Amino acid sequence: QVHLVESGGGLVQAGGSLRLSCAASGRTFSTYTMGWFRQAPGKEREFVSAISRTGINTAYADFVKGRFTGSRDNAKNTVYLQMTSLKPEDTAVYYCAAKGVGWYSNVIYENKDEYDYWGQGTQVTVSS
């Protein structure tokens, strides 16, 4: 069982930056692929970024490439999403998610249905 808590959301002007954090409970954080997803009102939850258990592999949605960067610190049981050049269309609730992959895989997943655990989300609002 993994408990995830996101933080770092808020209100920012277009062009600004935010760093989201997702803290995980448990002693096996380094056996989880981590993902970031977002959901805007009236829209489906969509993939933003994923990072493999060691951080060696990452993936990004096309609409955030070059603007968002995912990272993790396994010693702190935390995954991060650095968001820069924010746009009003980035406004959404951002969720982190975890998928157990064991000690040897660095697979990443973009499909939200692959993930086993979810945080409660953090609101990001970008004003124009």
# chains A, B, ... in the order shown; residues from 1 in each chain; ligands from 1

$ select_by_dssp --residues "chain A" --states "strand (DSSP E or B)" --output "mmCIF file with N, CA and C atoms, in the first residue's frame"
data_model
loop_
_atom_site.group_PDB
_atom_site.id
_atom_site.type_symbol
_atom_site.label_atom_id
_atom_site.label_comp_id
_atom_site.auth_asym_id
_atom_site.auth_seq_id
_atom_site.Cartn_x
_atom_site.Cartn_y
_atom_site.Cartn_z
ATOM 1 N N LEU A 4 -0.130 8.648 -1.182
ATOM 2 C CA LEU A 4 0.507 9.731 -1.918
ATOM 3 C C LEU A 4 -0.132 11.067 -1.541
ATOM 4 N N VAL A 5 0.700 12.065 -1.319
ATOM 5 C CA VAL A 5 0.199 13.398 -0.974
ATOM 6 C C VAL A 5 0.907 14.429 -1.841
ATOM 7 N N GLU A 6 0.117 15.109 -2.673
ATOM 8 C CA GLU A 6 0.661 16.153 -3.534
ATOM 9 C C GLU A 6 0.657 17.499 -2.817
ATOM 10 N N SER A 7 1.570 18.355 -3.226
ATOM 11 C CA SER A 7 1.616 19.720 -2.718
ATOM 12 C C SER A 7 2.283 20.597 -3.765
ATOM 13 N N GLY A 10 -1.127 26.012 -6.840
ATOM 14 C CA GLY A 10 -1.493 27.374 -6.476
ATOM 15 C C GLY A 10 -1.893 28.183 -7.683
ATOM 16 N N LEU A 11 -1.969 29.482 -7.478
ATOM 17 C CA LEU A 11 -2.338 30.424 -8.533
ATOM 18 C C LEU A 11 -1.077 31.116 -9.038
ATOM 19 N N VAL A 12 -0.898 31.121 -10.338
ATOM 20 C CA VAL A 12 0.281 31.727 -10.935
ATOM 21 C C VAL A 12 -0.124 32.413 -12.236
ATOM 22 N N GLN A 13 0.593 33.453 -12.585
ATOM 23 C CA GLN A 13 0.322 34.137 -13.849
ATOM 24 C C GLN A 13 0.920 33.352 -15.012
ATOM 25 N N LEU A 18 5.839 26.725 -11.297
ATOM 26 C CA LEU A 18 5.487 26.062 -10.054
ATOM 27 C C LEU A 18 6.226 24.741 -9.995
ATOM 28 N N ARG A 19 6.492 24.271 -8.773
ATOM 29 C CA ARG A 19 7.031 22.931 -8.613
ATOM 30 C C ARG A 19 6.086 22.138 -7.728
ATOM 31 N N LEU A 20 5.563 21.067 -8.309
ATOM 32 C CA LEU A 20 4.707 20.167 -7.560
ATOM 33 C C LEU A 20 5.560 19.078 -6.920
ATOM 34 N N SER A 21 5.142 18.671 -5.747
ATOM 35 C CA SER A 21 5.790 17.555 -5.056
ATOM 36 C C SER A 21 4.750 16.497 -4.745
ATOM 37 N N CYS A 22 5.194 15.276 -4.685
ATOM 38 C CA CYS A 22 4.324 14.167 -4.301
ATOM 39 C C CYS A 22 5.121 13.295 -3.343
ATOM 40 N N ALA A 23 4.702 13.297 -2.093
ATOM 41 C CA ALA A 23 5.378 12.504 -1.066
ATOM 42 C C ALA A 23 4.671 11.175 -0.893
ATOM 43 N N ALA A 24 5.456 10.110 -0.843
ATOM 44 C CA ALA A 24 4.889 8.769 -0.729
ATOM 45 C C ALA A 24 5.250 8.130 0.598
ATOM 46 N N TYR A 32 8.561 1.747 -7.458
ATOM 47 C CA TYR A 32 7.363 2.262 -8.115
ATOM 48 C C TYR A 32 7.707 3.196 -9.268
ATOM 49 N N THR A 33 7.082 2.945 -10.422
ATOM 50 C CA THR A 33 7.019 3.956 -11.459
ATOM 51 C C THR A 33 6.020 5.013 -11.004
ATOM 52 N N MET A 34 6.362 6.280 -11.236
ATOM 53 C CA MET A 34 5.488 7.374 -10.810
ATOM 54 C C MET A 34 5.000 8.165 -12.016
ATOM 55 N N GLY A 35 3.755 8.573 -11.932
ATOM 56 C CA GLY A 35 3.177 9.353 -13.016
ATOM 57 C C GLY A 35 2.515 10.612 -12.501
ATOM 58 N N TRP A 36 2.419 11.585 -13.380
ATOM 59 C CA TRP A 36 1.640 12.800 -13.123
ATOM 60 C C TRP A 36 0.531 12.875 -14.170
ATOM 61 N N PHE A 37 -0.656 13.180 -13.701
ATOM 62 C CA PHE A 37 -1.811 13.343 -14.567
ATOM 63 C C PHE A 37 -2.508 14.632 -14.174
ATOM 64 N N ARG A 38 -3.387 15.101 -15.044
ATOM 65 C CA ARG A 38 -4.149 16.294 -14.689
ATOM 66 C C ARG A 38 -5.572 16.166 -15.219
ATOM 67 N N GLN A 39 -6.457 16.884 -14.553
ATOM 68 C CA GLN A 39 -7.859 16.857 -14.967
ATOM 69 C C GLN A 39 -8.444 18.253 -14.827
ATOM 70 N N GLU A 46 -5.843 13.302 -17.905
ATOM 71 C CA GLU A 46 -4.891 13.050 -18.978
ATOM 72 C C GLU A 46 -3.460 12.944 -18.456
ATOM 73 N N PHE A 47 -2.689 12.196 -19.183
ATOM 74 C CA PHE A 47 -1.280 11.970 -18.855
ATOM 75 C C PHE A 47 -0.474 13.257 -19.026
ATOM 76 N N VAL A 48 0.430 13.490 -18.082
ATOM 77 C CA VAL A 48 1.341 14.625 -18.156
ATOM 78 C C VAL A 48 2.785 14.148 -18.248
ATOM 79 N N SER A 49 3.177 13.294 -17.303
ATOM 80 C CA SER A 49 4.576 12.885 -17.237
ATOM 81 C C SER A 49 4.676 11.589 -16.459
ATOM 82 N N ALA A 50 5.749 10.834 -16.718
ATOM 83 C CA ALA A 50 6.031 9.635 -15.937
ATOM 84 C C ALA A 50 7.533 9.502 -15.777
ATOM 85 N N ILE A 51 7.922 8.843 -14.688
ATOM 86 C CA ILE A 51 9.344 8.631 -14.422
ATOM 87 C C ILE A 51 9.522 7.233 -13.861
ATOM 88 N N THR A 58 12.055 8.740 -18.604
ATOM 89 C CA THR A 58 10.962 9.695 -18.404
ATOM 90 C C THR A 58 10.139 9.787 -19.681
ATOM 91 N N ALA A 59 8.921 10.246 -19.522
ATOM 92 C CA ALA A 59 8.043 10.479 -20.670
ATOM 93 C C ALA A 59 7.186 11.704 -20.376
ATOM 94 N N TYR A 60 6.845 12.405 -21.445
ATOM 95 C CA TYR A 60 6.047 13.629 -21.296
ATOM 96 C C TYR A 60 4.981 13.680 -22.380
ATOM 97 N N PHE A 68 7.854 21.232 -18.846
ATOM 98 C CA PHE A 68 7.768 20.513 -17.575
ATOM 99 C C PHE A 68 8.907 19.510 -17.478
ATOM 100 N N THR A 69 9.395 19.314 -16.266
ATOM 101 C CA THR A 69 10.454 18.337 -16.029
ATOM 102 C C THR A 69 10.121 17.524 -14.787
ATOM 103 N N GLY A 70 10.132 16.217 -14.947
ATOM 104 C CA GLY A 70 9.878 15.324 -13.830
ATOM 105 C C GLY A 70 11.182 14.840 -13.217
ATOM 106 N N SER A 71 11.180 14.651 -11.911
ATOM 107 C CA SER A 71 12.354 14.109 -11.226
ATOM 108 C C SER A 71 11.881 13.401 -9.960
ATOM 109 N N ARG A 72 12.783 12.696 -9.332
ATOM 110 C CA ARG A 72 12.437 12.012 -8.088
ATOM 111 C C ARG A 72 13.652 11.919 -7.202
ATOM 112 N N ASP A 73 13.383 11.844 -5.909
ATOM 113 C CA ASP A 73 14.424 11.637 -4.909
ATOM 114 C C ASP A 73 13.981 10.436 -4.083
ATOM 115 N N THR A 78 9.981 11.031 -2.674
ATOM 116 C CA THR A 78 9.270 12.151 -3.266
ATOM 117 C C THR A 78 9.537 12.238 -4.768
ATOM 118 N N VAL A 79 8.496 12.563 -5.490
ATOM 119 C CA VAL A 79 8.608 12.830 -6.917
ATOM 120 C C VAL A 79 8.180 14.277 -7.153
ATOM 121 N N TYR A 80 8.801 14.892 -8.148
ATOM 122 C CA TYR A 80 8.576 16.305 -8.409
ATOM 123 C C TYR A 80 8.141 16.535 -9.854
ATOM 124 N N LEU A 81 7.432 17.627 -10.063
ATOM 125 C CA LEU A 81 7.114 18.079 -11.411
ATOM 126 C C LEU A 81 7.398 19.579 -11.453
ATOM 127 N N GLN A 82 8.488 19.940 -12.105
ATOM 128 C CA GLN A 82 8.826 21.348 -12.284
ATOM 129 C C GLN A 82 8.108 21.856 -13.523
ATOM 130 N N MET A 83 7.286 22.877 -13.336
ATOM 131 C CA MET A 83 6.484 23.400 -14.430
ATOM 132 C C MET A 83 6.902 24.834 -14.710
ATOM 133 N N ALA A 92 -5.677 22.990 -13.993
ATOM 134 C CA ALA A 92 -6.264 21.676 -13.746
ATOM 135 C C ALA A 92 -5.914 21.237 -12.327
ATOM 136 N N VAL A 93 -6.529 20.162 -11.904
ATOM 137 C CA VAL A 93 -6.072 19.454 -10.708
ATOM 138 C C VAL A 93 -5.021 18.452 -11.160
ATOM 139 N N TYR A 94 -3.870 18.497 -10.510
ATOM 140 C CA TYR A 94 -2.765 17.618 -10.859
ATOM 141 C C TYR A 94 -2.663 16.496 -9.828
ATOM 142 N N TYR A 95 -2.573 15.278 -10.355
ATOM 143 C CA TYR A 95 -2.508 14.087 -9.513
ATOM 144 C C TYR A 95 -1.213 13.342 -9.749
ATOM 145 N N CYS A 96 -0.641 12.811 -8.682
ATOM 146 C CA CYS A 96 0.438 11.856 -8.882
ATOM 147 C C CYS A 96 -0.117 10.448 -8.671
ATOM 148 N N ALA A 97 0.553 9.496 -9.281
ATOM 149 C CA ALA A 97 0.109 8.113 -9.240
ATOM 150 C C ALA A 97 1.313 7.190 -9.182
ATOM 151 N N ALA A 98 1.111 5.998 -8.628
ATOM 152 C CA ALA A 98 2.195 5.042 -8.456
ATOM 153 C C ALA A 98 1.807 3.677 -9.003
ATOM 154 N N LYS A 99 2.784 3.036 -9.612
ATOM 155 C CA LYS A 99 2.602 1.684 -10.147
ATOM 156 C C LYS A 99 3.789 0.839 -9.710
ATOM 157 N N GLY A 100 3.538 -0.223 -8.962
ATOM 158 C CA GLY A 100 4.598 -1.107 -8.522
ATOM 159 C C GLY A 100 5.189 -1.892 -9.670
ATOM 160 N N TYR A 117 -2.135 3.403 -7.389
ATOM 161 C CA TYR A 117 -2.370 4.318 -6.269
ATOM 162 C C TYR A 117 -2.383 5.762 -6.768
ATOM 163 N N TRP A 118 -3.231 6.557 -6.146
ATOM 164 C CA TRP A 118 -3.404 7.951 -6.546
ATOM 165 C C TRP A 118 -3.418 8.856 -5.328
ATOM 166 N N THR A 122 -3.725 18.290 -6.446
ATOM 167 C CA THR A 122 -3.426 19.669 -6.053
ATOM 168 C C THR A 122 -3.828 20.589 -7.208
ATOM 169 N N GLN A 123 -4.488 21.671 -6.867
ATOM 170 C CA GLN A 123 -5.029 22.571 -7.892
ATOM 171 C C GLN A 123 -3.938 23.500 -8.411
ATOM 172 N N VAL A 124 -3.855 23.591 -9.716
ATOM 173 C CA VAL A 124 -2.981 24.568 -10.377
ATOM 174 C C VAL A 124 -3.869 25.471 -11.216
ATOM 175 N N THR A 125 -3.771 26.761 -10.972
ATOM 176 C CA THR A 125 -4.556 27.730 -11.722
ATOM 177 C C THR A 125 -3.610 28.754 -12.335
ATOM 178 N N VAL A 126 -3.695 28.902 -13.647
ATOM 179 C CA VAL A 126 -2.834 29.833 -14.363
ATOM 180 C C VAL A 126 -3.704 30.945 -14.928
ATOM 181 N N SER A 127 -3.448 32.147 -14.497
ATOM 182 C CA SER A 127 -4.237 33.286 -14.963
ATOM 183 C C SER A 127 -3.579 33.925 -16.177
#

$ select_by_dssp --residues "region 39-121 of chain A" --states "helix (DSSP H, G or I)" --output "ChimeraX atom specification"
/A:62-64,74-76,88-90,112-114

$ closest_residue --among "A:Asp113, A:Asn77, A:Thr84, A:Ser30" --to "Ser52 (chain A)" --atoms "only C-alpha atoms"
A:Ser30

$ closest_residue --among "A:Phe29, A:Gln1, A:Phe63, A:Ser17" --to "Lys76 (chain A)" --atoms "only C-alpha atoms"
A:Phe29

$ atom_distance --atom1 "CA of Thr31 (chain A)" --atom2 "CA of Asn74 (chain A)"
9.5 Å

$ atom_distance --atom1 "CA of Ser25 (chain A)" --atom2 "CA of Val2 (chain A)"
5.6 Å

$ closest_residue --among "A:Gly26, A:Gly8, A:Gly55, A:Gly42" --to "Ile108 (chain A)" --atoms "only C-alpha atoms"
A:Gly55
